[in-house]
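A.B. asks: Enclosed is the structure file run_24.tsv (TSV, C-alpha atoms and all ligand atoms).
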chain	number	residue	atom	x	y	z
A	1	MET	CA	10.80	-16.08	-15.53
A	2	LYS	CA	12.71	-19.04	-16.94
A	3	VAL	CA	13.91	-17.34	-20.11
A	4	LEU	CA	15.50	-14.60	-18.02
A	5	GLN	CA	17.21	-17.05	-15.68
A	6	GLU	CA	18.64	-18.86	-18.69
A	7	ARG	CA	20.03	-15.65	-20.20
A	8	ILE	CA	21.59	-14.73	-16.87
A	9	ARG	CA	23.23	-18.17	-16.65
A	10	GLN	CA	24.45	-18.02	-20.25
A	11	GLU	CA	25.56	-14.39	-20.52
A	12	GLY	CA	25.83	-12.96	-17.00
A	13	GLU	CA	29.32	-12.18	-15.78
A	14	ILE	CA	29.69	-12.55	-12.03
A	15	LEU	CA	32.28	-9.93	-11.19
A	16	SER	CA	32.28	-10.61	-7.44
A	17	ASP	CA	29.99	-12.05	-4.78
A	18	THR	CA	27.80	-8.95	-5.10
A	19	VAL	CA	28.05	-7.62	-8.66
A	20	LEU	CA	26.51	-9.24	-11.74
A	21	LYS	CA	27.18	-7.79	-15.16
A	22	VAL	CA	24.44	-8.30	-17.75
A	23	ASP	CA	25.64	-5.77	-20.31
A	24	SER	CA	25.14	-8.04	-23.32
A	25	PHE	CA	21.32	-8.17	-23.07
A	26	LEU	CA	19.92	-5.90	-20.30
A	27	ASN	CA	22.11	-3.03	-19.20
A	28	HIS	CA	24.19	-1.73	-22.07
A	29	GLN	CA	23.27	-3.62	-25.21
A	30	VAL	CA	19.58	-4.46	-24.83
A	31	ASP	CA	17.63	-7.39	-26.28
A	32	PRO	CA	14.40	-5.56	-27.14
A	33	MET	CA	12.36	-8.75	-27.49
A	34	LEU	CA	13.33	-9.80	-23.98
A	35	ALA	CA	12.59	-6.28	-22.69
A	36	LEU	CA	9.10	-6.49	-24.22
A	37	GLU	CA	8.56	-9.89	-22.66
A	38	ILE	CA	9.61	-8.49	-19.29
A	39	GLY	CA	7.11	-5.66	-19.74
A	40	ARG	CA	4.35	-8.15	-20.54
A	41	GLU	CA	5.18	-10.16	-17.41
A	42	PHE	CA	5.02	-7.09	-15.14
A	43	GLY	CA	1.83	-6.10	-16.94
A	44	ARG	CA	0.29	-9.52	-16.20
A	45	ARG	CA	1.21	-9.31	-12.54
A	46	PHE	CA	-0.24	-5.81	-12.04
A	47	ARG	CA	-3.03	-5.88	-14.64
A	48	ASP	CA	-5.89	-5.64	-12.13
A	49	GLU	CA	-4.48	-2.73	-10.16
A	50	GLN	CA	-5.60	0.19	-12.35
A	51	ILE	CA	-2.04	1.48	-12.60
A	52	THR	CA	-1.98	5.00	-14.06
A	53	LYS	CA	1.78	5.50	-14.26
A	54	VAL	CA	5.01	3.50	-14.37
A	55	LEU	CA	7.97	5.13	-12.63
A	56	THR	CA	11.66	4.33	-12.98
A	57	ILE	CA	15.08	5.94	-12.70
A	58	GLU	CA	17.50	6.66	-15.53
A	59	ALA	CA	19.20	5.03	-17.24
A	60	SER	CA	18.87	1.29	-17.10
A	61	GLY	CA	15.29	1.12	-15.83
A	62	ILE	CA	13.93	3.00	-18.83
A	63	GLN	CA	13.54	0.17	-21.35
A	64	PHE	CA	11.68	-2.02	-18.82
A	65	ALA	CA	9.45	0.81	-17.64
A	66	MET	CA	8.61	1.58	-21.24
A	67	ALA	CA	7.85	-2.06	-22.06
A	68	THR	CA	5.62	-2.30	-18.97
A	69	ALA	CA	3.89	0.98	-19.76
A	70	ILE	CA	3.16	-0.20	-23.31
A	71	ASP	CA	1.63	-3.38	-21.94
A	72	LEU	CA	-0.48	-1.49	-19.38
A	73	GLN	CA	-1.26	1.32	-21.85
A	74	VAL	CA	-0.22	4.11	-19.48
A	75	PRO	CA	2.58	6.71	-19.51
A	76	PHE	CA	5.91	6.08	-17.84
A	77	VAL	CA	8.15	8.69	-16.23
A	78	TYR	CA	11.76	8.44	-15.10
A	79	ALA	CA	13.57	10.22	-12.30
A	80	LYS	CA	16.70	12.03	-13.44
A	81	LYS	CA	20.05	11.64	-11.76
A	82	LYS	CA	21.06	15.22	-12.45
A	83	LYS	CA	18.59	18.05	-12.23
A	84	ALA	CA	18.33	19.63	-15.68
A	85	ILE	CA	18.00	23.40	-15.99
A	86	THR	CA	14.79	22.80	-17.94
A	87	GLN	CA	13.20	21.11	-14.91
A	88	GLY	CA	12.76	24.38	-12.98
A	89	GLU	CA	12.16	24.32	-9.22
A	90	GLN	CA	9.01	22.21	-9.07
A	91	VAL	CA	10.60	18.83	-8.42
A	92	PHE	CA	10.50	15.99	-5.94
A	93	SER	CA	13.98	14.94	-4.99
A	94	ALA	CA	15.67	12.26	-2.90
A	95	PRO	CA	19.27	11.21	-2.18
A	96	VAL	CA	20.33	7.80	-3.50
A	97	HIS	CA	23.57	6.02	-2.68
A	98	SER	CA	24.85	3.78	-5.45
A	99	PHE	CA	26.81	0.84	-4.12
A	100	THR	CA	28.06	-0.12	-7.59
A	101	LYS	CA	29.38	3.40	-8.26
A	102	GLY	CA	30.28	4.27	-4.65
A	103	GLU	CA	28.64	7.70	-4.80
A	104	THR	CA	25.51	9.48	-3.57
A	105	TYR	CA	23.47	11.54	-5.99
A	106	GLN	CA	20.25	13.46	-5.84
A	107	ILE	CA	17.43	12.15	-8.05
A	108	SER	CA	14.67	14.45	-9.20
A	109	LEU	CA	11.29	14.32	-10.88
A	110	ALA	CA	9.00	17.13	-12.00
A	111	ARG	CA	6.08	17.40	-9.57
A	112	LYS	CA	3.54	17.70	-12.36
A	113	TYR	CA	4.19	14.11	-13.49
A	114	LEU	CA	3.23	12.50	-10.17
A	115	THR	CA	-0.03	13.64	-8.61
A	116	PRO	CA	-2.34	12.44	-5.81
A	117	GLY	CA	-4.69	10.64	-8.21
A	118	ASP	CA	-1.93	8.41	-9.59
A	119	LYS	CA	-1.60	4.69	-8.91
A	120	VAL	CA	2.08	4.01	-9.44
A	121	LEU	CA	4.08	0.92	-10.35
A	122	ILE	CA	7.84	1.35	-9.91
A	123	VAL	CA	10.01	-0.71	-12.27
A	124	ASP	CA	13.80	-1.07	-12.22
A	125	ASP	CA	16.50	-3.36	-13.56
A	126	PHE	CA	18.13	-4.45	-10.27
A	127	LEU	CA	17.11	-4.64	-6.64
A	128	ALA	CA	20.27	-4.72	-4.54
A	129	THR	CA	20.53	-2.51	-1.45
A	130	GLY	CA	17.17	-0.97	-2.28
A	131	ALA	CA	18.53	2.59	-2.16
A	132	ALA	CA	17.23	3.58	-5.60
A	133	LEU	CA	13.80	2.08	-5.05
A	134	VAL	CA	13.45	3.55	-1.56
A	135	GLY	CA	14.31	6.98	-3.06
A	136	LEU	CA	11.60	6.51	-5.71
A	137	ALA	CA	9.11	5.25	-3.11
A	138	ASP	CA	9.79	8.36	-0.99
A	139	MET	CA	8.98	10.56	-3.98
A	140	VAL	CA	5.71	8.73	-4.55
A	141	ALA	CA	4.81	9.17	-0.87
A	142	GLU	CA	5.64	12.87	-1.03
A	143	SER	CA	3.45	13.32	-4.11
A	144	GLY	CA	0.37	11.85	-2.43
A	145	ALA	CA	0.08	9.22	-5.19
A	146	GLU	CA	-0.52	5.59	-4.28
A	147	LEU	CA	2.38	3.16	-4.65
A	148	VAL	CA	0.86	-0.12	-5.83
A	149	GLY	CA	4.07	-2.11	-6.03
A	150	VAL	CA	7.58	-2.55	-7.34
A	151	GLY	CA	8.72	-4.72	-10.23
A	152	CYS	CA	12.41	-5.61	-10.52
A	153	VAL	CA	13.99	-7.51	-13.34
A	154	ILE	CA	16.78	-9.02	-11.23
A	155	GLU	CA	16.77	-9.20	-7.45
A	156	LYS	CA	19.89	-10.11	-5.52
A	157	SER	CA	17.99	-11.60	-2.61
A	158	PHE	CA	21.08	-11.86	-0.42
A	159	GLN	CA	21.22	-8.06	-0.24
A	160	GLU	CA	18.93	-6.01	1.97
A	161	GLY	CA	16.73	-4.30	-0.65
A	162	ARG	CA	13.64	-6.54	-0.58
A	163	GLY	CA	13.57	-6.46	3.24
A	164	LEU	CA	13.71	-2.66	3.27
A	165	LEU	CA	10.82	-2.38	0.82
A	166	GLU	CA	8.70	-5.03	2.54
A	167	GLU	CA	9.25	-3.30	5.90
A	168	ARG	CA	7.47	-0.36	4.33
A	169	GLY	CA	4.59	-2.58	3.27
A	170	ILE	CA	5.55	-2.43	-0.42
A	171	ARG	CA	4.61	-5.37	-2.69
A	172	VAL	CA	7.72	-6.54	-4.57
A	173	HIS	CA	7.77	-8.69	-7.71
A	174	SER	CA	11.12	-9.76	-9.12
A	175	LEU	CA	11.42	-11.80	-12.29
A	176	ALA	CA	14.74	-13.46	-11.38
A	177	ARG	CA	15.74	-13.82	-7.72
A	178	ILE	CA	19.35	-14.69	-7.05
A	179	ALA	CA	19.89	-16.51	-3.77
A	180	SER	CA	23.67	-16.56	-4.05
A	181	MET	CA	26.37	-16.13	-6.64
A	182	SER	CA	30.11	-16.34	-7.00
A	183	PRO	CA	32.27	-16.50	-10.11
A	184	GLY	CA	31.26	-19.69	-11.91
A	185	GLN	CA	28.04	-20.43	-9.99
A	186	ILE	CA	24.63	-18.89	-9.51
A	187	GLU	CA	21.62	-20.07	-7.49
A	188	PHE	CA	18.09	-18.81	-8.10
A	189	ILE	CA	15.14	-18.78	-5.72
A	190	GLU	CA	12.32	-20.55	-7.52
A	191	GLU	CA	9.17	-18.43	-7.44
A	192	GLU	CA	5.69	-19.77	-6.93
A	193	MET	CA	3.84	-20.04	-10.23
A	194	TYR	CA	1.57	-17.21	-11.25
A	195	ILE	CA	-1.74	-18.45	-12.63
A	196	TYR	CA	-4.08	-16.13	-14.52
B	1	LIG	P1	20.28	-0.52	-5.25
B	1	LIG	O1	19.89	0.90	-5.03
B	1	LIG	O2	19.14	-1.49	-5.03
B	1	LIG	O3	21.49	-0.90	-4.42
B	1	LIG	O4	20.75	-0.67	-6.74
B	1	LIG	C1	20.29	0.25	-7.65
B	1	LIG	C2	20.96	0.23	-8.97
B	1	LIG	O5	22.31	-0.21	-8.91
B	1	LIG	C3	20.27	-0.67	-9.93
B	1	LIG	O6	19.21	0.00	-10.55
B	1	LIG	C4	21.35	-1.02	-10.89
B	1	LIG	O7	21.41	-0.05	-11.90
B	1	LIG	C5	22.60	-0.96	-10.05
B	1	LIG	N1	23.01	-2.31	-9.59
B	1	LIG	C6	22.90	-2.81	-8.35
B	1	LIG	N2	23.44	-4.04	-8.30
B	1	LIG	C7	23.90	-4.31	-9.54
B	1	LIG	C8	24.57	-5.44	-10.13
B	1	LIG	O8	24.88	-6.47	-9.50
B	1	LIG	N3	24.86	-5.34	-11.45
B	1	LIG	C9	24.54	-4.26	-12.20
B	1	LIG	N4	24.86	-4.28	-13.49
B	1	LIG	N5	23.93	-3.16	-11.68
B	1	LIG	C10	23.61	-3.21	-10.36
Show the structure stored in the file as structure tokens.
Ligand code: 5GP
C.D. replies:
Amino acid sequence: MKVLQERIRQEGEILSDTVLKVDSFLNHQVDPMLALEIGREFGRRFRDEQITKVLTIEASGIQFAMATAIDLQVPFVYAKKKKAITQGEQVFSAPVHSFTKGETYQISLARKYLTPGDKVLIVDDFLATGAALVGLADMVAESGAELVGVGCVIEKSFQEGRGLLEERGIRVHSLARIASMSPGQIEFIEEEMYIY
């Protein structure tokens, strides 16, 4: 997605060889028009799959899951990073290690929102080590729902996440794929064109 690559080039701050900050338009302050466009793009790519639910993880996946769910006209649900007292005992849960925060936390999702009849599209902001998405994929597997694919806004292709997901046979679509980055320079992998 060219418009996304351009925003990353213009506004992204490359903090190190592995961490990209996009707080001005994706992760902290959010450009809602771009978020809607991202949702439409994921929608286009998964339109024929009869998705029944979009799944993400709080907090920074929510706006993209919502935009995608609006486009596909289905509900979205997000895994919580802390189990709320209101969630009760009926939850799926999985451990996730965050390499940006250096901590492991337990994510959880009420069982009633993911059921065997669901066809699920997982959406998240970044694909890095894949830990968050593998945790979500494990929950989908446990629920008996079908995981149709994963949509990531930004993939850092030099990290292991895509490989881990593909090893599990999961279809991965990323809208901007970063081949390499270092302060002052960023290289994207050019995707094949999608024709509809
Ligand atoms: P993963 O589990 O694939 O390592 O990364 C999961 C989460 O870490 C992403 O959803 C994202 O919130 C955060 N993350 C990973 N890499 C980056 C990065 O380079 N920049 C930012 N801002 N967040 C990242």
A.B. asks: As a quick test: using only C-alpha atoms and all ligand atoms, which residues lie no more than 9 Å away from ligand LIG 1 (chain B)? Give them as a ChimeraX atom specification.
C.D. replies: /A:14-23,26-28,57-61,96-101,124-135,152,154-156,159-162
A.B. asks: In Å, how far is it from CA of Gln29 in chain A to CA of Gly12 in chain A?
C.D. replies: 12.7 Å
A.B. asks: Distance CA of His173 in chain A-CA of Phe42 in chain A, one decimal place?
C.D. replies: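 Between CA of His173 in chain A and CA of Phe42 in chain A the gap works out to 8.1 Å.
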A.B. asks: Expressed in Å to a single decimal, how great is the separation between CA of Val123 in chain A and CA of Ser182 in chain A?
C.D. replies: 26.0 Å
A.B. asks: Between A:Ile51, A:Ile170, A:Val30, A:Glu89, which has the minimum distance to Gln73 in chain A (counting all atoms listed in the file)?
C.D. replies: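 Closest to Gln73 in chain A, using all atoms listed in the file: A:Ile51.
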A.B. asks: Would you mind telling me which residue in A:Ala67, A:Ala141, A:Ile178, A:Leu4 lies nearest to Ala35 in chain A when using all atoms listed in the file?
C.D. replies: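 Of A:Ala67, A:Ala141, A:Ile178, A:Leu4, the one nearest Ala35 in chain A, counting all atoms listed in the file, is A:Ala67.
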A.B. asks: Considering all atoms listed in the file, give me a table of residues in range 40-77 of chain A that are at most 10 Å from range 107-117 of chain A, with the closest atom pair and distance in Å for each, as JSON lines.
C.D. replies:
{"residue": "A:Thr52", "atom": "CA", "partner": "A:Gly117", "partner_atom": "CA", "distance": 8.6}
{"residue": "A:Lys53", "atom": "CA", "partner": "A:Leu114", "partner_atom": "CA", "distance": 8.2}
{"residue": "A:Leu55", "atom": "CA", "partner": "A:Leu114", "partner_atom": "CA", "distance": 9.1}
{"residue": "A:Ile57", "atom": "CA", "partner": "A:Ile107", "partner_atom": "CA", "distance": 8.1}
{"residue": "A:Glu58", "atom": "CA", "partner": "A:Ile107", "partner_atom": "CA", "distance": 9.3}
{"residue": "A:Pro75", "atom": "CA", "partner": "A:Tyr113", "partner_atom": "CA", "distance": 9.7}
{"residue": "A:Phe76", "atom": "CA", "partner": "A:Tyr113", "partner_atom": "CA", "distance": 9.3}
{"residue": "A:Val77", "atom": "CA", "partner": "A:Tyr113", "partner_atom": "CA", "distance": 7.3}
A.B. asks: List as number ranges by chain the protein and nucleic acid residues near Val148 in chain A, meaning an atom at most 10 Å away when only C-alpha atoms are counted, but skip any in the same chain fewer than 4 places from it.
C.D. replies: A: 46, 49-51, 118-122, 170-172
A.B. asks: Given the selection you just returned, output its residues as a file containing C-alpha atoms, formatted as a short mmCIF file (atom, residue, chain, number, x, y, z; two decimals), in the frame of the given file.
C.D. replies:
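selection.cif, freshly written:
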data_model
loop_
_atom_site.label_atom_id
_atom_site.label_comp_id
_atom_site.auth_asym_id
_atom_site.auth_seq_id
_atom_site.Cartn_x
_atom_site.Cartn_y
_atom_site.Cartn_z
CA PHE A 46 -0.24 -5.81 -12.04
CA GLU A 49 -4.48 -2.73 -10.16
CA GLN A 50 -5.60 0.19 -12.35
CA ILE A 51 -2.04 1.48 -12.60
CA ASP A 118 -1.93 8.41 -9.59
CA LYS A 119 -1.60 4.69 -8.91
CA VAL A 120 2.08 4.01 -9.44
CA LEU A 121 4.08 0.92 -10.35
CA ILE A 122 7.84 1.35 -9.91
CA ILE A 170 5.55 -2.43 -0.42
CA ARG A 171 4.61 -5.37 -2.69
CA VAL A 172 7.72 -6.54 -4.57
#
A.B. asks: For a quick check of understanding, using all atoms listed in the file, which of A:Val74, A:Met1, A:Arg9, A:Gly163 has the smallest distance to Glu187 in chain A?
C.D. replies: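 Counting all atoms listed in the file, the residue closest to Glu187 in chain A is A:Arg9.
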A.B. asks: Pick the closest to Arg168 in chain A from A:Met181, A:Leu147, A:Val153, A:Ile38: which is it, counting only C-alpha atoms?
C.D. replies: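 Among the listed residues, A:Leu147 lies closest to Arg168 in chain A.
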A.B. asks: Mind listing as a ChimeraX atom specification all residues within 10 Å of (10.2, 1.6, -24.5), counting all atoms listed in the file?
C.D. replies: /A:32,35-36,39,62-70,76
A.B. asks: From the list A:Lys81, A:Gly43, A:Glu167, A:Leu34, which residue is nearest Glu6 in chain A when using only C-alpha atoms?
C.D. replies: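 Between A:Lys81, A:Gly43, A:Glu167, A:Leu34, the residue approaching Glu6 in chain A most closely is A:Leu34.
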A.B. asks: Considering all atoms listed in the file, state which residue in the set A:Asp71, A:Phe158, A:Gly169, A:Tyr105 is at the smallest distance from Phe188 in chain A.
C.D. replies: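 Nearest candidate to Phe188 in chain A out of A:Asp71, A:Phe158, A:Gly169, A:Tyr105: A:Phe158.
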A.B. asks: From the block you just saw, export range 59-89 of chain A: N, CA and C atoms, as a JSON list (two decimals), in the first residue's frame.
C.D. replies:
[["chain", "number", "residue", "atom", "x", "y", "z"],
["A", 59, "ALA", "N", -3.74, -2.74, 22.60],
["A", 59, "ALA", "CA", -4.62, -1.67, 22.25],
["A", 59, "ALA", "C", -4.47, -1.27, 20.78],
["A", 60, "SER", "N", -3.28, -1.40, 20.23],
["A", 60, "SER", "CA", -3.09, -0.71, 18.95],
["A", 60, "SER", "C", -3.59, -1.47, 17.73],
["A", 61, "GLY", "N", -4.16, -2.67, 17.93],
["A", 61, "GLY", "CA", -4.80, -3.34, 16.79],
["A", 61, "GLY", "C", -6.25, -2.90, 16.61],
["A", 62, "ILE", "N", -6.81, -2.26, 17.64],
["A", 62, "ILE", "CA", -8.27, -2.07, 17.66],
["A", 62, "ILE", "C", -8.79, -1.22, 16.49],
["A", 63, "GLN", "N", -8.12, -0.10, 16.21],
["A", 63, "GLN", "CA", -8.66, 0.77, 15.15],
["A", 63, "GLN", "C", -8.64, 0.09, 13.78],
["A", 64, "PHE", "N", -7.65, -0.80, 13.56],
["A", 64, "PHE", "CA", -7.56, -1.46, 12.25],
["A", 64, "PHE", "C", -8.55, -2.63, 12.16],
["A", 65, "ALA", "N", -8.73, -3.30, 13.29],
["A", 65, "ALA", "CA", -9.74, -4.37, 13.32],
["A", 65, "ALA", "C", -11.12, -3.76, 13.11],
["A", 66, "MET", "N", -11.36, -2.63, 13.73],
["A", 66, "MET", "CA", -12.68, -2.01, 13.57],
["A", 66, "MET", "C", -12.91, -1.56, 12.13],
["A", 67, "ALA", "N", -11.88, -0.94, 11.54],
["A", 67, "ALA", "CA", -12.02, -0.49, 10.15],
["A", 67, "ALA", "C", -12.27, -1.67, 9.22],
["A", 68, "THR", "N", -11.59, -2.78, 9.48],
["A", 68, "THR", "CA", -11.75, -3.97, 8.64],
["A", 68, "THR", "C", -13.14, -4.58, 8.84],
["A", 69, "ALA", "N", -13.57, -4.61, 10.10],
["A", 69, "ALA", "CA", -14.88, -5.18, 10.42],
["A", 69, "ALA", "C", -16.00, -4.35, 9.80],
["A", 70, "ILE", "N", -15.82, -3.03, 9.77],
["A", 70, "ILE", "CA", -16.82, -2.17, 9.12],
["A", 70, "ILE", "C", -16.88, -2.52, 7.64],
["A", 71, "ASP", "N", -15.71, -2.66, 7.02],
["A", 71, "ASP", "CA", -15.69, -2.97, 5.60],
["A", 71, "ASP", "C", -16.34, -4.32, 5.31],
["A", 72, "LEU", "N", -16.05, -5.32, 6.17],
["A", 72, "LEU", "CA", -16.59, -6.67, 5.93],
["A", 72, "LEU", "C", -17.98, -6.86, 6.52],
["A", 73, "GLN", "N", -18.44, -5.83, 7.29],
["A", 73, "GLN", "CA", -19.78, -5.88, 7.88],
["A", 73, "GLN", "C", -19.94, -7.07, 8.84],
["A", 74, "VAL", "N", -18.95, -7.23, 9.71],
["A", 74, "VAL", "CA", -18.99, -8.29, 10.72],
["A", 74, "VAL", "C", -18.53, -7.69, 12.05],
["A", 75, "PRO", "N", -18.75, -8.37, 13.18],
["A", 75, "PRO", "CA", -18.23, -7.85, 14.44],
["A", 75, "PRO", "C", -16.71, -8.03, 14.55],
["A", 76, "PHE", "N", -16.08, -7.24, 15.38],
["A", 76, "PHE", "CA", -14.69, -7.52, 15.73],
["A", 76, "PHE", "C", -14.61, -7.69, 17.24],
["A", 77, "VAL", "N", -13.60, -8.45, 17.68],
["A", 77, "VAL", "CA", -13.42, -8.70, 19.10],
["A", 77, "VAL", "C", -11.93, -8.57, 19.39],
["A", 78, "TYR", "N", -11.59, -8.05, 20.57],
["A", 78, "TYR", "CA", -10.16, -7.93, 20.88],
["A", 78, "TYR", "C", -9.80, -8.66, 22.16],
["A", 79, "ALA", "N", -8.66, -9.36, 22.11],
["A", 79, "ALA", "CA", -8.14, -10.02, 23.31],
["A", 79, "ALA", "C", -7.65, -8.94, 24.26],
["A", 80, "LYS", "N", -7.84, -9.20, 25.56],
["A", 80, "LYS", "CA", -7.41, -8.24, 26.58],
["A", 80, "LYS", "C", -6.07, -8.67, 27.14],
["A", 81, "LYS", "N", -5.29, -7.68, 27.53],
["A", 81, "LYS", "CA", -3.96, -8.00, 28.07],
["A", 81, "LYS", "C", -4.03, -8.29, 29.57],
["A", 82, "LYS", "N", -5.06, -7.79, 30.22],
["A", 82, "LYS", "CA", -5.26, -8.14, 31.63],
["A", 82, "LYS", "C", -6.67, -8.68, 31.75],
["A", 83, "LYS", "N", -6.81, -9.78, 32.47],
["A", 83, "LYS", "CA", -8.14, -10.36, 32.60],
["A", 83, "LYS", "C", -8.98, -9.48, 33.53],
["A", 84, "ALA", "N", -10.11, -9.00, 33.03],
["A", 84, "ALA", "CA", -10.96, -8.14, 33.85],
["A", 84, "ALA", "C", -11.86, -9.00, 34.72],
["A", 85, "ILE", "N", -12.21, -8.50, 35.87],
["A", 85, "ILE", "CA", -13.06, -9.25, 36.80],
["A", 85, "ILE", "C", -14.42, -9.56, 36.16],
["A", 86, "THR", "N", -14.83, -8.69, 35.23],
["A", 86, "THR", "CA", -16.11, -8.89, 34.57],
["A", 86, "THR", "C", -16.06, -10.02, 33.55],
["A", 87, "GLN", "N", -14.87, -10.52, 33.22],
["A", 87, "GLN", "CA", -14.77, -11.57, 32.20],
["A", 87, "GLN", "C", -15.15, -12.96, 32.72],
["A", 88, "GLY", "N", -15.14, -13.12, 34.07],
["A", 88, "GLY", "CA", -15.48, -14.44, 34.62],
["A", 88, "GLY", "C", -14.42, -15.47, 34.28],
["A", 89, "GLU", "N", -14.77, -16.74, 34.34],
["A", 89, "GLU", "CA", -13.78, -17.82, 34.15],
["A", 89, "GLU", "C", -13.75, -18.35, 32.73]]
